[in-house]
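In what follows, a single structure is set out as structure tokens and then discussed.
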Amino acid sequence: MNKKPVIIDCDTGTDDAIAIIAALYSPELDLRAFTTVAGNVELEHTSRNTLNLVRYLGFDTKVAVGAAQPILRRTIIHSGDNTHGDTGLGTLVLPKTDQPFYNQTAVETIYEEALKADGELELIPIGPLTNIAQAIMVHPDLKNLIRRIVFMGGAKYGGNITTTAEFNIWGDPEAARIVFAAGIPLTMVGLDVTLKAALNLQDAADIRRIGTPAADVAADILDFMFERLGRGGEDALMHDALAVGVCINPDLVKMKHYFVDCECSGQYTAGHTFVATNRIFQGEPNCFVCEELDLPAFKAWLHGAIARSKA
């Protein structure tokens, strides 16, 4: 099997953690590094959550620390809301590793691994696109070294942080615009499909029965998600795991090629991903946009990935 060399850029909160677990046990991926960014919670927490989780599960994959705030905007990230809990993992507390973060920044790690992969590296950003945009700005040749970016973010229609914007893109719209304009092949795994990627109590019970530390972590996070839903919060949506799944198996979704850009200056629309759906706008298509989800196939993939933690 030819493994895909990938870096996952993450703002590790609840669904990010499940995505990381699925990625770690997916034989199709050659995980070169995790890079961290502020998003669901502050950078201190997203970085520590990522490192603690990866080391707790016994992996020595690099974890490099990235951007603490958006490129231009003031910090908008805060802990303690109802979505991801005080530190990002709901009520889950992982053992704190004494191992260090990688000795390069996220930007330099992305560039370093892109050079090593000789044009085959794929990026899976599942948080704001700050690190990716900074890497493109610092290393202009990077756009010729990345095979594809499969990112969780955006929406063809609607939003989840405002009526027009999805959280990850809203978190750093200027970064998103830089990435959209870079000329790197893009796949947008947005709310059009991730809002359909919900797990239920039976799914959680099936994962719990796997009986491994990885499965227990995922099940504990799902328990928090169901409790959150009971308080009127978000469902057990696997936004980020779906991006990992699409990178591995694009047949999980149906997608179309569009021109996509990001609105940065609108008073009410900042962070809106503009998807040119008609011929009035003649922009050259730059992004595959996921529009439909095969939910049973996605659930089977996710359960299978976590079940491989038995090996």
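Just remember, in the structure tokens the first chain shown is A, the second B, etc., residues are 1-based per chain, and ligands are 1-based in the order shown.
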List the neighbours of region 88-102 of chain A out to 8 Å using only C-alpha atoms; skip same-chain residues closer than 4 positions along the sequence, and give me the result as a PDB file with N, CA and C atoms, in the first residue's frame.
ATOM      1  N   THR A  12      -7.076  21.225  18.595  1.00  0.00           N
ATOM      2  CA  THR A  12      -7.682  20.041  19.206  1.00  0.00           C
ATOM      3  C   THR A  12      -8.661  20.342  20.322  1.00  0.00           C
ATOM      4  N   GLY A  13      -9.927  20.160  19.916  1.00  0.00           N
ATOM      5  CA  GLY A  13     -11.054  20.114  20.820  1.00  0.00           C
ATOM      6  C   GLY A  13     -11.651  18.722  20.723  1.00  0.00           C
ATOM      7  N   THR A  14     -12.935  18.604  20.961  1.00  0.00           N
ATOM      8  CA  THR A  14     -13.544  17.284  21.085  1.00  0.00           C
ATOM      9  C   THR A  14     -13.524  16.487  19.786  1.00  0.00           C
ATOM     10  N   ALA A  17     -10.092  15.536  18.441  1.00  0.00           N
ATOM     11  CA  ALA A  17      -9.449  14.402  19.100  1.00  0.00           C
ATOM     12  C   ALA A  17      -9.887  13.084  18.467  1.00  0.00           C
ATOM     13  N   ASN A  40     -10.623  26.148  18.626  1.00  0.00           N
ATOM     14  CA  ASN A  40     -11.669  25.740  19.559  1.00  0.00           C
ATOM     15  C   ASN A  40     -11.402  26.266  20.959  1.00  0.00           C
ATOM     16  N   VAL A  41     -10.143  26.249  21.347  1.00  0.00           N
ATOM     17  CA  VAL A  41      -9.677  26.852  22.597  1.00  0.00           C
ATOM     18  C   VAL A  41      -8.323  27.488  22.295  1.00  0.00           C
ATOM     19  N   HIS A  45      -3.898  25.165  25.078  1.00  0.00           N
ATOM     20  CA  HIS A  45      -4.706  23.957  25.265  1.00  0.00           C
ATOM     21  C   HIS A  45      -4.722  23.078  24.021  1.00  0.00           C
ATOM     22  N   THR A  46      -4.863  23.670  22.836  1.00  0.00           N
ATOM     23  CA  THR A  46      -4.902  22.841  21.625  1.00  0.00           C
ATOM     24  C   THR A  46      -3.581  22.090  21.444  1.00  0.00           C
ATOM     25  N   ASN A  49      -3.327  19.393  24.341  1.00  0.00           N
ATOM     26  CA  ASN A  49      -4.277  18.306  24.069  1.00  0.00           C
ATOM     27  C   ASN A  49      -3.741  17.365  23.000  1.00  0.00           C
ATOM     28  N   LEU A  51      -0.546  16.891  21.958  1.00  0.00           N
ATOM     29  CA  LEU A  51       0.633  16.150  22.406  1.00  0.00           C
ATOM     30  C   LEU A  51       0.252  15.069  23.414  1.00  0.00           C
ATOM     31  N   ASN A  52      -0.563  15.416  24.382  1.00  0.00           N
ATOM     32  CA  ASN A  52      -0.952  14.424  25.392  1.00  0.00           C
ATOM     33  C   ASN A  52      -1.689  13.246  24.762  1.00  0.00           C
ATOM     34  N   LEU A  53      -2.581  13.523  23.817  1.00  0.00           N
ATOM     35  CA  LEU A  53      -3.356  12.446  23.194  1.00  0.00           C
ATOM     36  C   LEU A  53      -2.458  11.527  22.383  1.00  0.00           C
ATOM     37  N   ARG A  55       0.769  11.021  22.556  1.00  0.00           N
ATOM     38  CA  ARG A  55       1.700  10.257  23.403  1.00  0.00           C
ATOM     39  C   ARG A  55       0.957   9.231  24.261  1.00  0.00           C
ATOM     40  N   TYR A  56      -0.227   9.568  24.755  1.00  0.00           N
ATOM     41  CA  TYR A  56      -1.006   8.617  25.548  1.00  0.00           C
ATOM     42  C   TYR A  56      -1.312   7.357  24.758  1.00  0.00           C
ATOM     43  N   LYS A  62       5.601  13.762  15.453  1.00  0.00           N
ATOM     44  CA  LYS A  62       5.934  15.137  15.807  1.00  0.00           C
ATOM     45  C   LYS A  62       4.666  15.943  16.084  1.00  0.00           C
ATOM     46  N   VAL A  63       4.739  16.802  17.092  1.00  0.00           N
ATOM     47  CA  VAL A  63       3.680  17.780  17.354  1.00  0.00           C
ATOM     48  C   VAL A  63       4.358  19.146  17.438  1.00  0.00           C
ATOM     49  N   ALA A  64       4.075  19.999  16.468  1.00  0.00           N
ATOM     50  CA  ALA A  64       4.710  21.317  16.378  1.00  0.00           C
ATOM     51  C   ALA A  64       3.687  22.405  16.674  1.00  0.00           C
ATOM     52  N   VAL A  65       4.102  23.396  17.444  1.00  0.00           N
ATOM     53  CA  VAL A  65       3.203  24.461  17.886  1.00  0.00           C
ATOM     54  C   VAL A  65       3.148  25.572  16.842  1.00  0.00           C
ATOM     55  N   SER A  79     -11.651  29.878  26.156  1.00  0.00           N
ATOM     56  CA  SER A  79     -12.080  28.602  26.711  1.00  0.00           C
ATOM     57  C   SER A  79     -13.325  28.788  27.560  1.00  0.00           C
ATOM     58  N   THR A  83     -19.128  24.276  24.111  1.00  0.00           N
ATOM     59  CA  THR A  83     -18.886  23.398  22.974  1.00  0.00           C
ATOM     60  C   THR A  83     -17.785  22.388  23.242  1.00  0.00           C
ATOM     61  N   HIS A  84     -16.671  22.834  23.789  1.00  0.00           N
ATOM     62  CA  HIS A  84     -15.521  21.944  23.994  1.00  0.00           C
ATOM     63  C   HIS A  84     -15.055  21.885  25.448  1.00  0.00           C
ATOM     64  N   VAL A 217     -11.227   6.776  24.905  1.00  0.00           N
ATOM     65  CA  VAL A 217     -11.123   8.229  24.761  1.00  0.00           C
ATOM     66  C   VAL A 217     -12.240   8.739  23.851  1.00  0.00           C
ATOM     67  N   ASP A 220     -15.608   8.469  25.630  1.00  0.00           N
ATOM     68  CA  ASP A 220     -15.744   9.481  26.687  1.00  0.00           C
ATOM     69  C   ASP A 220     -16.075  10.846  26.089  1.00  0.00           C
ATOM     70  N   ILE A 221     -15.428  11.175  24.980  1.00  0.00           N
ATOM     71  CA  ILE A 221     -15.724  12.444  24.317  1.00  0.00           C
ATOM     72  C   ILE A 221     -17.150  12.447  23.781  1.00  0.00           C
ATOM     73  N   PHE A 224     -19.593  13.241  26.473  1.00  0.00           N
ATOM     74  CA  PHE A 224     -19.661  14.686  26.707  1.00  0.00           C
ATOM     75  C   PHE A 224     -20.522  15.361  25.640  1.00  0.00           C
ATOM     76  N   MET A 225     -20.364  14.924  24.392  1.00  0.00           N
ATOM     77  CA  MET A 225     -21.138  15.526  23.298  1.00  0.00           C
ATOM     78  C   MET A 225     -22.627  15.298  23.486  1.00  0.00           C
TER      79      MET A 225
END
Practice task
DSSP on the backbone, then: every residue of region 7-227 of chain A marked strand (DSSP E or B), written as a ChimeraX atom specification.
Solution key: /A:7-10,29-36,62-65,121-125,146-152,186-189,198
Could the residues in this selection be saved with C-alpha atoms as a PDB file, in the first residue's frame?
ATOM      1  CA  ILE A   7       0.230  16.639   8.164  1.00  0.00           C
ATOM      2  CA  ILE A   8      -2.864  17.299  10.259  1.00  0.00           C
ATOM      3  CA  ASP A   9      -3.153  20.931  11.350  1.00  0.00           C
ATOM      4  CA  CYS A  10      -5.491  21.017  14.323  1.00  0.00           C
ATOM      5  CA  LEU A  29      -1.784   7.565   6.056  1.00  0.00           C
ATOM      6  CA  ASP A  30       1.874   8.274   6.697  1.00  0.00           C
ATOM      7  CA  LEU A  31       1.424  10.842   9.448  1.00  0.00           C
ATOM      8  CA  ARG A  32       4.460  13.103   9.275  1.00  0.00           C
ATOM      9  CA  ALA A  33       3.383  15.593  11.946  1.00  0.00           C
ATOM     10  CA  PHE A  34       0.601  17.333  13.789  1.00  0.00           C
ATOM     11  CA  THR A  35       0.701  21.120  13.839  1.00  0.00           C
ATOM     12  CA  THR A  36      -1.402  23.133  16.263  1.00  0.00           C
ATOM     13  CA  LYS A  62       5.934  15.137  15.807  1.00  0.00           C
ATOM     14  CA  VAL A  63       3.680  17.780  17.354  1.00  0.00           C
ATOM     15  CA  ALA A  64       4.710  21.317  16.378  1.00  0.00           C
ATOM     16  CA  VAL A  65       3.203  24.461  17.886  1.00  0.00           C
ATOM     17  CA  LEU A 121       2.581  15.909   0.959  1.00  0.00           C
ATOM     18  CA  GLU A 122      -1.107  16.437   1.707  1.00  0.00           C
ATOM     19  CA  LEU A 123      -2.405  18.750   4.419  1.00  0.00           C
ATOM     20  CA  ILE A 124      -5.534  18.155   6.473  1.00  0.00           C
ATOM     21  CA  PRO A 125      -6.315  21.405   8.322  1.00  0.00           C
ATOM     22  CA  ILE A 146       1.793  20.413  -1.655  1.00  0.00           C
ATOM     23  CA  ARG A 147      -0.192  17.806  -3.548  1.00  0.00           C
ATOM     24  CA  ARG A 148      -3.554  18.679  -1.998  1.00  0.00           C
ATOM     25  CA  ILE A 149      -5.215  20.372   0.956  1.00  0.00           C
ATOM     26  CA  VAL A 150      -8.343  18.707   2.363  1.00  0.00           C
ATOM     27  CA  PHE A 151      -9.714  21.115   4.947  1.00  0.00           C
ATOM     28  CA  MET A 152     -12.642  21.124   7.324  1.00  0.00           C
ATOM     29  CA  LEU A 186      -8.268  22.122  -2.503  1.00  0.00           C
ATOM     30  CA  THR A 187     -11.124  20.037  -1.157  1.00  0.00           C
ATOM     31  CA  MET A 188     -13.580  21.782   1.172  1.00  0.00           C
ATOM     32  CA  VAL A 189     -15.260  19.505   3.698  1.00  0.00           C
ATOM     33  CA  ALA A 198     -23.663  12.851  13.456  1.00  0.00           C
TER      34      ALA A 198
END
Completion exercise
Atom pair CA of Lys156 (chain A) + CA of Lys4 (chain A), distance 27.5 Å
Exercise for the section: Do a neighbour search on Gly171 (chain A) at 8 Å with only C-alpha atoms, toss out local chain neighbours closer than 4 positions, and write the hits as a PyMOL selection string. Expected result: chain A and resi 39+70+76+128+167+271
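Rounded to one decimal, CA of Gly266 (chain A) and CA of Thr163 (chain A) lie 12.6 Å from each other.
Proximity ranking of A:Ala68, A:Met255, A:Leu24, A:Ala219 relative to Ala236 (chain A) places A:Ala219 first, based on only C-alpha atoms.
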Problem - Test item, alpha helix (DSSP H) assignment across region 110-207 of chain A, answer as number ranges by chain - result: A: 110-117, 130-138, 167-171, 173-180, 191-194, 201-207
Problem - Within 10 Å of Leu191 (chain A) using only C-alpha atoms, minus same-chain residues under 2 positions, as a ChimeraX atom specification - result: /A:152-160,165-167,188-189,193-197,239,290-291
Can those selected residues be exported to a file as a compact mmCIF listing (two decimals), in the first residue's frame so that it contains N, CA and C atoms?
# COMPACT_ATOMS: atom_id res chain seq x y z
N MET A 152 -11.32 21.01 6.74
CA MET A 152 -12.64 21.12 7.32
C MET A 152 -12.90 22.61 7.55
N GLY A 153 -13.93 23.10 6.88
CA GLY A 153 -14.26 24.50 7.05
C GLY A 153 -15.18 24.97 5.95
N GLY A 154 -15.80 26.11 6.20
CA GLY A 154 -16.63 26.73 5.18
C GLY A 154 -17.98 26.06 5.01
N ALA A 155 -18.73 26.59 4.08
CA ALA A 155 -20.03 26.05 3.73
C ALA A 155 -20.46 26.67 2.42
N LYS A 156 -21.10 25.88 1.62
CA LYS A 156 -21.72 26.42 0.42
C LYS A 156 -22.90 27.30 0.81
N TYR A 157 -23.63 26.87 1.83
CA TYR A 157 -24.77 27.64 2.33
C TYR A 157 -24.72 27.69 3.85
N GLY A 158 -24.90 28.87 4.42
CA GLY A 158 -25.08 29.01 5.86
C GLY A 158 -23.81 28.99 6.67
N GLY A 159 -23.99 28.96 7.99
CA GLY A 159 -22.86 28.97 8.91
C GLY A 159 -23.25 28.40 10.25
N ASN A 160 -22.26 28.30 11.15
CA ASN A 160 -22.55 27.80 12.50
C ASN A 160 -22.02 28.72 13.60
N ALA A 165 -21.27 32.22 8.20
CA ALA A 165 -19.88 31.78 8.31
C ALA A 165 -19.74 30.55 9.20
N GLU A 166 -18.89 29.65 8.75
CA GLU A 166 -18.48 28.48 9.55
C GLU A 166 -17.31 28.89 10.44
N PHE A 167 -17.19 28.25 11.61
CA PHE A 167 -16.27 28.70 12.65
C PHE A 167 -14.81 28.76 12.19
N MET A 188 -12.91 21.17 0.03
CA MET A 188 -13.58 21.78 1.17
C MET A 188 -14.60 20.81 1.75
N VAL A 189 -14.33 20.37 2.96
CA VAL A 189 -15.26 19.51 3.70
C VAL A 189 -15.98 20.41 4.68
N VAL A 193 -21.79 18.98 4.46
CA VAL A 193 -21.72 17.54 4.74
C VAL A 193 -21.44 17.24 6.22
N THR A 194 -20.69 18.09 6.90
CA THR A 194 -20.33 17.73 8.28
C THR A 194 -21.51 17.83 9.23
N LEU A 195 -22.51 18.66 8.91
CA LEU A 195 -23.69 18.72 9.77
C LEU A 195 -24.53 17.45 9.66
N LYS A 196 -24.22 16.62 8.68
CA LYS A 196 -24.89 15.34 8.53
C LYS A 196 -24.10 14.19 9.16
N ALA A 197 -22.88 14.48 9.59
CA ALA A 197 -21.99 13.44 10.09
C ALA A 197 -22.14 13.27 11.59
N HIS A 239 -17.24 16.66 12.47
CA HIS A 239 -16.75 17.58 11.44
C HIS A 239 -15.35 17.18 10.96
N CYS A 290 -17.53 19.54 -1.08
CA CYS A 290 -18.32 18.36 -0.73
C CYS A 290 -19.77 18.77 -0.50
N GLU A 291 -20.69 18.05 -1.16
CA GLU A 291 -22.10 18.44 -1.12
C GLU A 291 -23.03 17.37 -0.55
Handout entry: Spatial neighbours of Ala214 (chain A), 9 Å, only C-alpha atoms, chain gap at least 4 places, as a PyMOL selection string
Key = chain A and resi 18+21+56-57+210+218-219+306-307+309-310
Can you spit out the residues from that selection as an mmCIF file, in the first residue's frame, using N, CA and C atoms?
data_model
loop_
_atom_site.group_PDB
_atom_site.id
_atom_site.type_symbol
_atom_site.label_atom_id
_atom_site.label_comp_id
_atom_site.auth_asym_id
_atom_site.auth_seq_id
_atom_site.Cartn_x
_atom_site.Cartn_y
_atom_site.Cartn_z
ATOM 1 N N ILE A 18 -11.159 12.963 18.128
ATOM 2 C CA ILE A 18 -11.635 11.739 17.476
ATOM 3 C C ILE A 18 -11.036 11.630 16.078
ATOM 4 N N ILE A 21 -7.504 10.333 16.488
ATOM 5 C CA ILE A 21 -7.507 8.896 16.764
ATOM 6 C C ILE A 21 -7.713 8.114 15.466
ATOM 7 N N TYR A 56 -0.227 9.568 24.755
ATOM 8 C CA TYR A 56 -1.006 8.617 25.548
ATOM 9 C C TYR A 56 -1.312 7.357 24.758
ATOM 10 N N LEU A 57 -1.533 7.520 23.458
ATOM 11 C CA LEU A 57 -1.847 6.366 22.615
ATOM 12 C C LEU A 57 -0.592 5.663 22.105
ATOM 13 N N ILE A 210 -15.186 -1.667 21.679
ATOM 14 C CA ILE A 210 -13.874 -2.008 21.115
ATOM 15 C C ILE A 210 -12.886 -2.289 22.241
ATOM 16 N N ALA A 218 -12.413 8.095 22.698
ATOM 17 C CA ALA A 218 -13.459 8.521 21.765
ATOM 18 C C ALA A 218 -14.839 8.416 22.411
ATOM 19 N N ALA A 219 -15.098 7.337 23.119
ATOM 20 C CA ALA A 219 -16.405 7.147 23.748
ATOM 21 C C ALA A 219 -16.635 8.163 24.857
ATOM 22 N N ILE A 306 -11.038 3.239 14.315
ATOM 23 C CA ILE A 306 -10.822 3.156 15.762
ATOM 24 C C ILE A 306 -10.620 1.702 16.182
ATOM 25 N N ALA A 307 -11.333 0.764 15.541
ATOM 26 C CA ALA A 307 -11.191 -0.660 15.884
ATOM 27 C C ALA A 307 -9.789 -1.174 15.604
ATOM 28 N N SER A 309 -7.220 0.039 16.564
ATOM 29 C CA SER A 309 -6.394 0.248 17.761
ATOM 30 C C SER A 309 -6.225 -1.034 18.566
ATOM 31 N N LYS A 310 -6.968 -2.095 18.204
ATOM 32 C CA LYS A 310 -6.782 -3.393 18.851
ATOM 33 C C LYS A 310 -5.476 -4.064 18.442
#
Problem - Distance of CA of Leu72 (chain A) from CA of Glu113 (chain A), expressed in Å to one decimal place - result: 26.4 Å
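For the residues A:His257, A:Arg228, A:Arg279, A:His272, ranking by smallest atom-to-atom distance to Pro185 (chain A) using only C-alpha atoms places A:His257 first.
Shortest separation to Asp172 (chain A) among A:Leu43, A:Ala133, A:Leu302, A:Ala243 occurs at residue A:Ala133, atoms counted being only C-alpha atoms.
In this comparison, which uses only C-alpha atoms, the residue of A:Asp11, A:Trp301, A:Ile207, A:Asn82 approaching Gly233 (chain A) most closely is A:Asn82.
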Exercise for the section: Using only C-alpha atoms, determine which residues lie at most 10 Å from Val253 (chain A), disregarding the query and same-chain residues fewer than 4 positions distant; provide the list as a PyMOL selection string. Expected result: chain A and resi 189+193+242+245-246+249+289-295+297-298
I need the chosen residues saved as a short mmCIF file (atom, residue, chain, number, x, y, z; two decimals), in the first residue's frame, with N, CA and C atoms.
data_model
loop_
_atom_site.label_atom_id
_atom_site.label_comp_id
_atom_site.auth_asym_id
_atom_site.auth_seq_id
_atom_site.Cartn_x
_atom_site.Cartn_y
_atom_site.Cartn_z
N VAL A 189 -14.33 20.37 2.96
CA VAL A 189 -15.26 19.51 3.70
C VAL A 189 -15.98 20.41 4.68
N VAL A 193 -21.79 18.98 4.46
CA VAL A 193 -21.72 17.54 4.74
C VAL A 193 -21.44 17.24 6.22
N LEU A 242 -14.52 13.62 9.46
CA LEU A 242 -14.96 13.48 8.08
C LEU A 242 -13.90 14.00 7.11
N GLY A 245 -11.49 11.30 6.74
CA GLY A 245 -12.08 10.23 5.94
C GLY A 245 -12.10 10.56 4.46
N VAL A 246 -12.41 11.81 4.11
CA VAL A 246 -12.45 12.21 2.71
C VAL A 246 -11.06 12.19 2.09
N ASN A 249 -10.68 8.43 1.54
CA ASN A 249 -11.68 7.84 0.64
C ASN A 249 -12.66 8.90 0.16
N VAL A 289 -15.88 21.09 -3.65
CA VAL A 289 -16.76 21.33 -2.52
C VAL A 289 -17.62 20.10 -2.28
N CYS A 290 -17.53 19.54 -1.08
CA CYS A 290 -18.32 18.36 -0.73
C CYS A 290 -19.77 18.77 -0.50
N GLU A 291 -20.69 18.05 -1.16
CA GLU A 291 -22.10 18.44 -1.12
C GLU A 291 -23.03 17.37 -0.55
N GLU A 292 -22.66 16.10 -0.68
CA GLU A 292 -23.51 15.02 -0.17
C GLU A 292 -22.64 14.01 0.57
N LEU A 293 -23.21 13.39 1.60
CA LEU A 293 -22.47 12.45 2.44
C LEU A 293 -23.14 11.09 2.44
N ASP A 294 -22.33 10.04 2.30
CA ASP A 294 -22.79 8.67 2.52
C ASP A 294 -22.56 8.36 3.99
N LEU A 295 -23.56 8.64 4.82
CA LEU A 295 -23.38 8.53 6.27
C LEU A 295 -23.08 7.11 6.72
N ALA A 297 -21.51 4.75 5.16
CA ALA A 297 -20.13 4.45 4.78
C ALA A 297 -19.15 5.19 5.67
N PHE A 298 -19.47 6.44 6.00
CA PHE A 298 -18.59 7.20 6.89
C PHE A 298 -18.53 6.56 8.27
#
Handout entry: Among listed residues A:Met1, A:Gly119, A:Thr50, A:Trp170, nearest Thr269 (chain A) (using only C-alpha atoms)
Key = A:Trp170
